[in-house]
>>> print(open('model-v7.txt').read())   # compact mmCIF, C-alpha atoms
# COMPACT_ATOMS: atom_id res chain seq x y z
CA ARG A 1 -23.73 9.75 9.00
CA ALA A 2 -20.96 10.42 11.53
CA VAL A 3 -21.72 12.96 14.23
CA ALA A 4 -20.69 16.47 13.20
CA VAL A 5 -17.92 18.13 15.18
CA ASP A 6 -16.06 21.39 14.77
CA THR A 7 -13.40 20.14 12.38
CA PRO A 8 -12.93 20.48 8.62
CA GLU A 9 -14.91 17.95 6.65
CA CYS A 10 -13.49 14.70 5.24
CA ALA A 11 -13.57 14.47 1.46
CA SER A 12 -16.65 12.24 1.50
CA ARG A 13 -18.76 14.99 3.08
CA THR A 14 -18.57 13.52 6.59
CA ARG A 15 -16.51 14.66 9.50
CA LEU A 16 -13.79 13.09 11.56
CA PRO A 17 -14.60 12.18 15.17
CA PRO A 18 -13.40 14.26 18.10
CA PHE A 19 -9.85 13.39 19.09
CA ASP A 20 -7.47 14.32 21.87
CA PRO A 21 -4.00 14.76 20.31
CA PRO A 22 -1.15 12.72 21.77
CA ASP A 23 0.93 14.14 24.55
CA HIS A 24 3.93 15.48 22.64
CA ARG A 25 5.85 15.83 25.90
CA SER A 26 6.25 12.06 25.97
CA ASN A 27 9.27 10.36 24.43
CA ARG A 28 7.07 8.14 22.31
CA THR A 29 7.41 8.70 18.57
CA VAL A 30 4.11 8.02 16.85
CA THR A 31 5.10 6.06 13.73
CA MET A 32 2.30 3.49 14.06
CA ALA A 33 1.73 0.13 12.51
CA ASP A 34 4.69 -0.27 10.17
CA PHE A 35 5.11 -3.97 9.38
CA VAL A 36 7.69 -3.79 6.59
CA ASP A 37 8.87 -7.24 5.54
CA LYS A 38 6.97 -8.84 8.44
CA GLN A 39 4.22 -11.39 8.77
CA PHE A 40 3.24 -12.74 12.15
CA THR A 41 2.47 -15.99 13.91
CA LYS A 42 -0.94 -16.82 15.32
CA GLU A 43 0.41 -15.94 18.79
CA GLU A 44 1.92 -12.60 17.73
CA VAL A 45 -0.74 -11.14 15.47
CA ALA A 46 -3.28 -9.96 18.08
CA ASP A 47 -0.91 -7.39 19.60
CA LYS A 48 -0.03 -6.14 16.13
CA VAL A 49 -3.69 -5.81 15.15
CA LEU A 50 -4.27 -3.63 18.22
CA GLU A 51 -1.30 -1.51 17.19
CA GLN A 52 -2.70 -1.20 13.68
CA TYR A 53 -6.34 -0.40 14.45
CA ASP A 54 -7.05 0.51 18.07
CA GLU A 55 -4.71 3.37 18.94
CA GLU A 56 -6.63 6.65 18.95
CA ILE A 57 -4.64 8.05 16.05
CA THR A 58 -5.05 5.00 13.84
CA ARG A 59 -8.79 4.95 14.50
CA VAL A 60 -8.93 8.53 13.17
CA PHE A 61 -6.86 7.51 10.12
CA TYR A 62 -8.99 4.52 9.17
CA GLN A 63 -12.27 6.31 9.79
CA CYS A 64 -11.22 9.05 7.38
CA VAL A 65 -9.23 7.19 4.73
CA MET A 66 -11.33 4.02 4.50
CA GLY A 67 -14.57 5.10 6.15
CA GLY A 68 -14.95 8.58 4.72
CA GLY A 69 -15.93 9.67 8.24
CA GLY A 70 -18.37 6.79 8.70
CA HIS A 71 -18.22 3.41 10.44
CA ASP A 72 -17.91 1.07 7.41
CA ILE A 73 -14.14 0.56 7.46
CA HIS A 74 -13.57 -1.81 4.56
CA PHE A 75 -13.17 -2.03 0.79
CA GLY A 76 -15.97 -0.88 -1.46
CA ILE A 77 -18.18 -1.71 -4.41
CA TYR A 78 -18.66 1.10 -6.91
CA LYS A 79 -22.15 1.74 -8.21
CA ASN A 80 -21.94 5.31 -9.53
CA PRO A 81 -19.13 7.33 -11.18
CA GLU A 82 -19.09 9.85 -8.31
CA ASP A 83 -18.85 7.25 -5.50
CA GLY A 84 -16.01 7.62 -3.03
CA VAL A 85 -14.81 5.47 -0.12
CA LYS A 86 -17.84 6.14 2.08
CA GLU A 87 -20.45 5.33 -0.54
CA SER A 88 -18.65 2.28 -1.91
CA SER A 89 -18.01 0.86 1.56
CA ALA A 90 -21.69 1.23 2.41
CA TYR A 91 -22.58 -0.65 -0.79
CA THR A 92 -20.34 -3.52 0.33
CA THR A 93 -22.23 -3.74 3.63
CA GLU A 94 -25.54 -3.68 1.75
CA TRP A 95 -24.39 -6.39 -0.68
CA MET A 96 -23.13 -8.66 2.11
CA MET A 97 -26.44 -8.33 3.95
CA THR A 98 -28.31 -9.20 0.76
CA GLN A 99 -26.21 -12.33 0.26
CA MET A 100 -26.63 -13.35 3.89
CA ASP A 101 -30.40 -12.86 3.76
CA TRP A 102 -30.54 -14.81 0.48
CA ALA A 103 -28.76 -17.79 2.06
CA LYS A 104 -30.97 -17.66 5.18
CA THR A 105 -33.83 -15.26 5.80
CA ILE A 106 -32.77 -13.12 8.76
CA LYS A 107 -35.67 -12.40 11.12
CA PRO A 108 -36.00 -10.09 14.14
CA ASP A 109 -35.88 -13.00 16.60
CA MET A 110 -32.46 -14.12 15.30
CA HIS A 111 -28.97 -13.51 16.69
CA VAL A 112 -25.96 -12.67 14.48
CA LEU A 113 -22.28 -12.79 15.48
CA ASP A 114 -20.22 -9.98 13.93
CA LEU A 115 -16.71 -11.44 14.02
CA GLY A 116 -14.13 -8.66 14.14
CA SER A 117 -16.80 -5.96 14.34
CA GLY A 118 -14.39 -2.99 14.33
CA HIS A 119 -16.17 0.37 14.40
CA GLY A 120 -19.49 -1.47 14.11
CA GLY A 121 -20.73 -0.49 10.65
CA GLY A 122 -21.91 -4.01 9.85
CA SER A 123 -23.53 -4.46 13.26
CA HIS A 124 -25.44 -1.19 12.91
CA ALA A 125 -26.62 -2.01 9.41
CA MET A 126 -27.83 -5.51 10.31
CA ALA A 127 -29.68 -4.33 13.41
CA GLN A 128 -31.37 -1.58 11.41
CA ARG A 129 -32.26 -3.70 8.38
CA PHE A 130 -33.31 -6.92 10.06
CA GLY A 131 -34.22 -5.83 13.60
CA CYS A 132 -32.14 -8.75 14.86
CA LYS A 133 -29.76 -8.95 17.80
CA VAL A 134 -26.06 -8.56 16.93
CA THR A 135 -23.07 -9.44 19.09
CA GLY A 136 -19.79 -7.88 18.03
CA TYR A 137 -16.59 -9.76 18.88
CA ASN A 138 -13.58 -7.54 18.45
CA LEU A 139 -10.05 -7.19 19.74
CA GLY A 140 -10.02 -3.41 20.23
CA PRO A 141 -11.80 -1.86 23.26
CA GLY A 142 -11.48 1.59 21.73
CA GLN A 143 -13.25 0.48 18.57
CA ASN A 144 -15.92 -1.22 20.67
CA ALA A 145 -16.55 2.01 22.55
CA LEU A 146 -17.01 3.91 19.26
CA ASN A 147 -19.35 1.15 18.09
CA MET A 148 -21.58 1.36 21.15
CA GLU A 149 -21.55 5.16 21.19
CA ARG A 150 -22.90 5.12 17.64
CA CYS A 151 -25.50 2.48 18.58
CA LYS A 152 -26.90 4.85 21.21
CA GLU A 153 -27.08 7.65 18.64
CA LEU A 154 -28.95 5.34 16.25
CA GLY A 155 -31.28 4.02 18.97
CA ILE A 156 -30.17 0.40 18.48
CA ASP A 157 -28.13 -0.15 21.63
CA HIS A 158 -30.82 -2.57 22.85
CA LEU A 159 -30.02 -4.79 19.85
CA VAL A 160 -26.20 -4.56 19.65
CA ASP A 161 -23.46 -5.41 22.10
CA ALA A 162 -19.70 -5.57 21.58
CA GLN A 163 -17.34 -7.88 23.45
CA VAL A 164 -13.55 -7.88 23.53
CA GLY A 165 -12.14 -11.08 22.11
CA ASN A 166 -9.33 -12.59 20.02
CA ILE A 167 -10.28 -14.63 16.95
CA ASN A 168 -7.01 -16.55 17.27
CA ASN A 169 -8.24 -18.11 20.53
CA PRO A 170 -11.14 -20.57 20.91
CA LEU A 171 -14.49 -18.79 20.98
CA PRO A 172 -16.47 -18.86 24.25
CA GLU A 173 -17.68 -22.35 25.12
CA GLU A 174 -21.15 -21.03 25.99
CA TRP A 175 -21.60 -19.93 22.37
CA THR A 176 -22.12 -23.51 21.14
CA GLY A 177 -25.24 -23.50 18.92
CA LYS A 178 -26.01 -19.88 19.87
CA PHE A 179 -26.07 -17.94 16.58
CA ASP A 180 -28.28 -18.00 13.50
CA ALA A 181 -25.63 -16.31 11.36
CA VAL A 182 -22.00 -15.18 11.43
CA TRP A 183 -20.79 -12.07 9.61
CA SER A 184 -17.14 -11.12 9.14
CA CYS A 185 -15.86 -8.24 7.02
CA GLU A 186 -12.14 -8.18 6.15
CA VAL A 187 -10.92 -9.74 9.36
CA LEU A 188 -9.75 -13.22 8.41
CA CYS A 189 -6.42 -12.00 6.99
CA HIS A 190 -5.54 -11.60 10.70
CA ALA A 191 -6.46 -15.21 11.55
CA GLY A 192 -3.44 -17.49 11.99
CA ASP A 193 -5.32 -20.80 11.62
CA LYS A 194 -8.32 -20.19 9.42
CA VAL A 195 -9.56 -23.79 9.42
CA ALA A 196 -9.50 -23.92 13.24
CA LEU A 197 -11.47 -20.66 13.37
CA PHE A 198 -14.00 -21.91 10.81
CA LYS A 199 -14.52 -25.07 12.87
CA GLU A 200 -15.21 -22.87 15.90
CA LEU A 201 -17.80 -20.97 13.88
CA VAL A 202 -19.48 -24.24 12.85
CA ARG A 203 -19.71 -25.07 16.57
CA CYS A 204 -21.24 -21.70 17.42
CA LEU A 205 -23.88 -21.75 14.68
CA LYS A 206 -27.25 -23.40 14.90
CA PRO A 207 -27.93 -26.10 12.27
CA GLY A 208 -28.72 -24.35 9.00
CA GLY A 209 -26.92 -21.19 10.15
CA VAL A 210 -25.21 -19.03 7.53
CA PHE A 211 -21.66 -17.66 7.42
CA VAL A 212 -20.95 -14.66 5.18
CA PHE A 213 -17.52 -13.07 5.02
CA SER A 214 -15.35 -10.84 2.89
CA ASP A 215 -11.58 -10.66 2.90
CA ILE A 216 -8.62 -9.15 1.09
CA MET A 217 -6.54 -11.94 -0.44
CA GLY A 218 -3.85 -12.71 -2.91
CA ALA A 219 -5.18 -13.75 -6.29
CA ASP A 220 -4.85 -17.44 -7.04
CA GLY A 221 -1.31 -17.93 -8.30
CA ALA A 222 0.00 -14.64 -6.89
CA ASP A 223 3.43 -14.69 -5.28
CA GLU A 224 3.34 -13.56 -1.62
CA LYS A 225 6.14 -11.07 -2.38
CA ALA A 226 3.86 -9.34 -4.87
CA LEU A 227 1.49 -8.54 -2.00
CA LYS A 228 4.13 -6.53 -0.13
CA GLY A 229 2.23 -3.25 -0.65
CA PHE A 230 -0.47 -4.68 1.63
CA THR A 231 1.49 -6.80 4.09
CA ASP A 232 3.93 -3.96 4.88
CA ARG A 233 1.01 -1.91 6.26
CA ASN A 234 -1.19 -4.64 7.78
CA ALA A 235 -0.75 -7.13 10.63
CA THR A 236 -1.17 -10.34 8.67
CA THR A 237 -0.28 -13.99 9.25
CA PHE A 238 -0.59 -15.16 5.68
CA MET A 239 -2.94 -13.93 2.99
CA GLY A 240 -5.54 -16.38 1.79
CA ARG A 241 -6.48 -17.10 -1.81
CA PRO A 242 -10.03 -17.54 -3.16
CA SER A 243 -9.54 -21.24 -3.94
CA MET A 244 -7.92 -21.72 -0.54
CA TYR A 245 -10.91 -20.23 1.28
CA ILE A 246 -13.29 -22.49 -0.61
CA ASP A 247 -11.20 -25.48 0.50
CA PHE A 248 -11.14 -24.19 4.09
CA ILE A 249 -14.94 -23.81 4.08
CA LYS A 250 -15.41 -27.42 3.02
CA GLU A 251 -12.68 -28.81 5.27
CA SER A 252 -14.16 -27.17 8.38
CA GLY A 253 -17.62 -28.72 7.94
CA PHE A 254 -19.51 -25.93 6.20
CA LYS A 255 -21.47 -26.37 2.99
CA TYR A 256 -20.01 -24.04 0.38
CA VAL A 257 -22.67 -21.80 -1.18
CA THR A 258 -20.96 -19.16 -3.31
CA TRP A 259 -18.04 -16.80 -3.85
CA TRP A 260 -18.67 -13.36 -5.37
CA ASP A 261 -15.53 -11.84 -6.91
CA GLY A 262 -15.23 -8.08 -6.41
CA SER A 263 -11.51 -7.86 -7.17
CA ASN A 264 -12.08 -5.47 -10.07
CA HIS A 265 -13.11 -2.76 -7.58
CA LEU A 266 -9.80 -2.80 -5.68
CA GLU A 267 -7.64 -0.55 -7.84
CA ARG A 268 -10.21 2.24 -7.75
CA TYR A 269 -10.58 1.88 -3.99
CA PHE A 270 -6.80 2.05 -3.46
CA ARG A 271 -6.70 5.26 -5.52
CA ASN A 272 -9.68 6.69 -3.60
CA MET A 273 -7.75 6.07 -0.39
CA LEU A 274 -4.87 8.08 -1.85
CA SER A 275 -7.30 10.92 -2.61
CA GLN A 276 -8.60 10.81 0.96
CA ILE A 277 -5.05 11.22 2.30
CA ALA A 278 -4.26 14.10 -0.07
CA GLU A 279 -7.48 15.98 0.64
CA ASN A 280 -7.50 15.47 4.41
CA ARG A 281 -3.79 15.53 5.29
CA PRO A 282 -3.88 18.89 7.16
CA GLU A 283 -6.76 17.74 9.34
CA MET A 284 -5.09 14.41 10.08
CA ASN A 285 -1.81 16.21 10.88
CA ALA A 286 -3.73 18.41 13.32
CA LYS A 287 -5.03 15.29 15.03
CA GLY A 288 -1.53 13.92 15.59
CA ILE A 289 -0.95 11.77 12.50
CA SER A 290 2.58 12.33 11.25
CA ASP A 291 3.60 13.06 7.66
CA GLN A 292 5.95 10.08 7.91
CA TYR A 293 3.03 7.76 8.59
CA LEU A 294 0.92 9.26 5.80
CA ASP A 295 3.84 9.21 3.35
CA ASN A 296 4.41 5.53 4.09
CA TRP A 297 0.76 4.89 3.33
CA VAL A 298 0.94 6.89 0.10
CA SER A 299 3.90 4.80 -1.03
CA SER A 300 2.18 1.54 -0.11
CA LEU A 301 -1.16 2.43 -1.69
CA THR A 302 0.49 3.68 -4.88
CA GLU A 303 2.36 0.38 -5.13
CA ARG A 304 -0.84 -1.57 -4.51
CA ALA A 305 -2.84 0.34 -7.10
CA ASP A 306 -0.14 0.12 -9.76
CA ILE A 307 0.55 -3.58 -9.32
CA GLN A 308 -3.17 -4.33 -9.22
CA LYS A 309 -3.63 -2.49 -12.50
CA GLU A 310 -0.64 -4.22 -14.07
CA LYS A 311 -0.88 -7.76 -12.69
CA GLY A 312 -4.10 -8.15 -10.68
CA VAL A 313 -2.28 -9.76 -7.73
CA PHE A 314 -4.94 -8.91 -5.11
CA ALA A 315 -8.33 -10.58 -4.81
CA TRP A 316 -11.33 -9.48 -2.77
CA GLY A 317 -14.94 -10.50 -2.52
CA VAL A 318 -17.68 -12.17 -0.52
CA PHE A 319 -18.06 -15.83 0.44
CA VAL A 320 -21.22 -17.53 1.66
CA ALA A 321 -21.40 -20.88 3.48
CA ARG A 322 -23.93 -22.73 5.63
CA LYS A 323 -23.76 -25.14 8.51
CA PRO A 324 -25.70 -28.20 7.31
CA ALA A 325 -29.21 -28.41 8.66
CA GLU A 326 -30.22 -31.56 10.52
CA GLY A 327 -30.63 -34.34 8.00
CA GLU A 328 -29.20 -32.24 5.14
CA LEU A 329 -26.95 -34.12 2.70
>>> encode(input="model-v7.txt", output="structure tokens")
Amino acid sequence: RAVAVDTPECASRTRLPPFDPPDHRSNRTVTMADFVDKQFTKEEVADKVLEQYDEEITRVFYQCVMGGGGHDIHFGIYKNPEDGVKESSAYTTEWMMTQMDWAKTIKPDMHVLDLGSGHGGGSHAMAQRFGCKVTGYNLGPGQNALNMERCKELGIDHLVDAQVGNINNPLPEEWTGKFDAVWSCEVLCHAGDKVALFKELVRCLKPGGVFVFSDIMGADGADEKALKGFTDRNATTFMGRPSMYIDFIKESGFKYVTWWDGSNHLERYFRNMLSQIAENRPEMNAKGISDQYLDNWVSSLTERADIQKEKGVFAWGVFVARKPAEGEL
């Protein structure tokens, strides 16, 4: 649960974090992360990801609208009729951990890399469930600070650390053979060369190490233009496809294990995000988020939900792969 502060509650019964409003005396207009008709090169995307996720105002937005006040900032799996964004996002984290632990039993003496760790929800959950060490690798220093603040509150700061890093650059050389597992939750849509990144992850894993990741994608056969409701609001290079990711896994040297398709949960999650905006708009306005920004999101999410219902153009789910063990065929 997020730490309570003296603000109205988010719709998922958790509260937004403290926030210092922007200095309205400045000449800067806070429109934030509008990427209409744009997709970016591998060299450009890092700056745009920071713009999208790591400004103070956007951190507040994502923590409310996707996290329900918590630290799991990603799409969700629905288990119960009353579930909202917070509950469903937590179920995704739980399901990914289960799949990772199924592919390789995660023990307390192991070390997991959380690639694109964001606010740290996955890192916290893994440290708590497995008692293992977790290193977050994330572009945003502001997000990393929130991550580590929450680790101290949970009493797991001795297990978790968070480093600033760009997934579109080679990973640290000293990480060769360092990790027992790699976890990545909805980050790879920001990777410009996914095969190159996967090859880096193979290098950084120990033999037999497991790689579990989720991502938002286009459905196989979907036209990129049909994904505009997502790409106009997110700093993407190109959106993968499920069959494409399976090919990338194999091409990079991993052994493909499985792909779990959760695409049927997306429409409901998009509509839950719309509810979060409607129910928490006054509070977000008070924290410096403009109506223009929220209206743009409402338009985008409505388009996403409607086209997903009509044509199913978005795909989402969890992939599992392993680095071959020594002597493994």
>>> residues_near_point(input="model-v7.txt", point="(-29.2, -9.6, 17.7)", cutoff="9 Å", atoms="all atoms listed in the file", output="ChimeraX atom specification")
/A:108-113,123,126-127,131-135,158-161,179
>>> residues_around(input="model-v7.txt", residues="range 209-218 of chain A", least_positions_apart="3", cutoff="8 Å", atoms="all atoms listed in the file", output="ChimeraX atom specification")
/A:96,99-100,103-104,179-189,205-206,221-224,227,239-242,313-325
>>> closest_residue(input="model-v7.txt", among="A:Gly116, A:Ser243, A:Cys204, A:Met66", to="Leu139 in chain A", atoms="all atoms listed in the file")
A:Gly116
>>> atom_distance(input="model-v7.txt", atom1="CA of Val164 in chain A", atom2="CA of Gly140 in chain A")
6.6 Å
>>> closest_atom_pairs(input="model-v7.txt", of="range 238-277 of chain A", to="range 75-95 of chain A", cutoff="9 Å", atoms="only C-alpha atoms", output="tab-separated table")
residue	atom	partner	partner_atom	distance
A:Gly262	CA	A:Ile77	CA	7.3
A:His265	CA	A:Ile77	CA	6.1
A:Leu266	CA	A:Phe75	CA	7.3
A:Arg268	CA	A:Tyr78	CA	8.6
A:Tyr269	CA	A:Gly76	CA	6.6
A:Phe270	CA	A:Phe75	CA	8.7
A:Asn272	CA	A:Val85	CA	6.3
A:Met273	CA	A:Val85	CA	7.1
A:Gln276	CA	A:Val85	CA	8.3
>>> atom_distance(input="model-v7.txt", atom1="CA of Gly118 in chain A", atom2="CA of Glu251 in chain A")
27.4 Å
>>> atom_distance(input="model-v7.txt", atom1="CA of Ile57 in chain A", atom2="CA of Tyr293 in chain A")
10.7 Å
>>> decode(input="model-v7.txt", residues="range 153-176 of chain A", atoms="N, CA, C and O atoms", output="PDB file, in the first residue's frame")
ATOM      1  N   GLU A 153      10.708   1.712   3.380  1.00  0.00           N
ATOM      2  CA  GLU A 153       9.449   1.543   4.110  1.00  0.00           C
ATOM      3  C   GLU A 153       9.110   0.065   4.296  1.00  0.00           C
ATOM      4  O   GLU A 153       8.556  -0.329   5.325  1.00  0.00           O
ATOM      5  N   LEU A 154       9.436  -0.750   3.301  1.00  0.00           N
ATOM      6  CA  LEU A 154       9.132  -2.179   3.336  1.00  0.00           C
ATOM      7  C   LEU A 154      10.201  -2.990   4.061  1.00  0.00           C
ATOM      8  O   LEU A 154      10.024  -4.193   4.290  1.00  0.00           O
ATOM      9  N   GLY A 155      11.334  -2.366   4.376  1.00  0.00           N
ATOM     10  CA  GLY A 155      12.417  -3.064   5.053  1.00  0.00           C
ATOM     11  C   GLY A 155      13.188  -4.003   4.142  1.00  0.00           C
ATOM     12  O   GLY A 155      13.757  -4.993   4.614  1.00  0.00           O
ATOM     13  N   ILE A 156      13.238  -3.678   2.838  1.00  0.00           N
ATOM     14  CA  ILE A 156      13.948  -4.536   1.883  1.00  0.00           C
ATOM     15  C   ILE A 156      15.062  -3.782   1.164  1.00  0.00           C
ATOM     16  O   ILE A 156      15.567  -4.246   0.145  1.00  0.00           O
ATOM     17  N   ASP A 157      15.467  -2.643   1.707  1.00  0.00           N
ATOM     18  CA  ASP A 157      16.505  -1.861   1.030  1.00  0.00           C
ATOM     19  C   ASP A 157      17.861  -2.552   1.059  1.00  0.00           C
ATOM     20  O   ASP A 157      18.762  -2.195   0.294  1.00  0.00           O
ATOM     21  N   HIS A 158      18.023  -3.574   1.898  1.00  0.00           N
ATOM     22  CA  HIS A 158      19.267  -4.351   1.888  1.00  0.00           C
ATOM     23  C   HIS A 158      19.279  -5.365   0.746  1.00  0.00           C
ATOM     24  O   HIS A 158      20.323  -5.920   0.414  1.00  0.00           O
ATOM     25  N   LEU A 159      18.113  -5.592   0.118  1.00  0.00           N
ATOM     26  CA  LEU A 159      18.015  -6.545  -0.978  1.00  0.00           C
ATOM     27  C   LEU A 159      17.929  -5.881  -2.352  1.00  0.00           C
ATOM     28  O   LEU A 159      18.253  -6.501  -3.362  1.00  0.00           O
ATOM     29  N   VAL A 160      17.467  -4.643  -2.404  1.00  0.00           N
ATOM     30  CA  VAL A 160      17.171  -3.975  -3.682  1.00  0.00           C
ATOM     31  C   VAL A 160      18.064  -2.769  -3.868  1.00  0.00           C
ATOM     32  O   VAL A 160      18.282  -1.990  -2.942  1.00  0.00           O
ATOM     33  N   ASP A 161      18.601  -2.605  -5.070  1.00  0.00           N
ATOM     34  CA  ASP A 161      19.237  -1.352  -5.456  1.00  0.00           C
ATOM     35  C   ASP A 161      18.717  -0.969  -6.828  1.00  0.00           C
ATOM     36  O   ASP A 161      18.178  -1.795  -7.562  1.00  0.00           O
ATOM     37  N   ALA A 162      18.846   0.294  -7.179  1.00  0.00           N
ATOM     38  CA  ALA A 162      18.354   0.809  -8.455  1.00  0.00           C
ATOM     39  C   ALA A 162      19.423   1.690  -9.085  1.00  0.00           C
ATOM     40  O   ALA A 162      19.881   2.657  -8.469  1.00  0.00           O
ATOM     41  N   GLN A 163      19.816   1.346 -10.294  1.00  0.00           N
ATOM     42  CA  GLN A 163      20.851   2.079 -11.015  1.00  0.00           C
ATOM     43  C   GLN A 163      20.239   2.781 -12.222  1.00  0.00           C
ATOM     44  O   GLN A 163      19.301   2.267 -12.841  1.00  0.00           O
ATOM     45  N   VAL A 164      20.788   3.935 -12.553  1.00  0.00           N
ATOM     46  CA  VAL A 164      20.361   4.656 -13.752  1.00  0.00           C
ATOM     47  C   VAL A 164      21.053   4.044 -14.961  1.00  0.00           C
ATOM     48  O   VAL A 164      22.275   3.856 -14.963  1.00  0.00           O
ATOM     49  N   GLY A 165      20.275   3.713 -15.973  1.00  0.00           N
ATOM     50  CA  GLY A 165      20.864   3.142 -17.178  1.00  0.00           C
ATOM     51  C   GLY A 165      19.881   3.131 -18.326  1.00  0.00           C
ATOM     52  O   GLY A 165      18.662   3.182 -18.134  1.00  0.00           O
ATOM     53  N   ASN A 166      20.410   3.061 -19.544  1.00  0.00           N
ATOM     54  CA  ASN A 166      19.641   3.133 -20.785  1.00  0.00           C
ATOM     55  C   ASN A 166      19.681   1.775 -21.470  1.00  0.00           C
ATOM     56  O   ASN A 166      20.753   1.301 -21.857  1.00  0.00           O
ATOM     57  N   ILE A 167      18.535   1.152 -21.669  1.00  0.00           N
ATOM     58  CA  ILE A 167      18.492  -0.174 -22.283  1.00  0.00           C
ATOM     59  C   ILE A 167      18.881  -0.147 -23.759  1.00  0.00           C
ATOM     60  O   ILE A 167      19.117  -1.202 -24.347  1.00  0.00           O
ATOM     61  N   ASN A 168      18.964   1.032 -24.343  1.00  0.00           N
ATOM     62  CA  ASN A 168      19.377   1.137 -25.745  1.00  0.00           C
ATOM     63  C   ASN A 168      20.890   1.262 -25.908  1.00  0.00           C
ATOM     64  O   ASN A 168      21.378   1.414 -27.027  1.00  0.00           O
ATOM     65  N   ASN A 169      21.612   1.192 -24.795  1.00  0.00           N
ATOM     66  CA  ASN A 169      23.075   1.130 -24.809  1.00  0.00           C
ATOM     67  C   ASN A 169      23.506  -0.249 -24.326  1.00  0.00           C
ATOM     68  O   ASN A 169      22.743  -0.948 -23.659  1.00  0.00           O
ATOM     69  N   PRO A 170      24.742  -0.670 -24.628  1.00  0.00           N
ATOM     70  CA  PRO A 170      25.225  -1.945 -24.077  1.00  0.00           C
ATOM     71  C   PRO A 170      25.152  -1.942 -22.555  1.00  0.00           C
ATOM     72  O   PRO A 170      25.394  -0.915 -21.908  1.00  0.00           O
ATOM     73  N   LEU A 171      24.794  -3.063 -21.976  1.00  0.00           N
ATOM     74  CA  LEU A 171      24.742  -3.180 -20.524  1.00  0.00           C
ATOM     75  C   LEU A 171      26.164  -3.230 -19.973  1.00  0.00           C
ATOM     76  O   LEU A 171      27.111  -3.520 -20.701  1.00  0.00           O
ATOM     77  N   PRO A 172      26.336  -2.926 -18.680  1.00  0.00           N
ATOM     78  CA  PRO A 172      27.700  -2.881 -18.115  1.00  0.00           C
ATOM     79  C   PRO A 172      28.495  -4.165 -18.377  1.00  0.00           C
ATOM     80  O   PRO A 172      27.977  -5.272 -18.212  1.00  0.00           O
ATOM     81  N   GLU A 173      29.737  -3.989 -18.760  1.00  0.00           N
ATOM     82  CA  GLU A 173      30.591  -5.131 -19.094  1.00  0.00           C
ATOM     83  C   GLU A 173      30.764  -6.066 -17.896  1.00  0.00           C
ATOM     84  O   GLU A 173      30.843  -7.298 -18.049  1.00  0.00           O
ATOM     85  N   GLU A 174      30.813  -5.484 -16.697  1.00  0.00           N
ATOM     86  CA  GLU A 174      31.031  -6.292 -15.494  1.00  0.00           C
ATOM     87  C   GLU A 174      29.825  -7.160 -15.134  1.00  0.00           C
ATOM     88  O   GLU A 174      29.888  -7.972 -14.205  1.00  0.00           O
ATOM     89  N   TRP A 175      28.741  -7.022 -15.860  1.00  0.00           N
ATOM     90  CA  TRP A 175      27.556  -7.841 -15.608  1.00  0.00           C
ATOM     91  C   TRP A 175      27.611  -9.196 -16.326  1.00  0.00           C
ATOM     92  O   TRP A 175      26.685  -9.992 -16.190  1.00  0.00           O
ATOM     93  N   THR A 176      28.621  -9.482 -17.074  1.00  0.00           N
ATOM     94  CA  THR A 176      28.709 -10.760 -17.786  1.00  0.00           C
ATOM     95  C   THR A 176      28.574 -11.921 -16.795  1.00  0.00           C
ATOM     96  O   THR A 176      29.322 -12.010 -15.820  1.00  0.00           O
TER      97      THR A 176
END
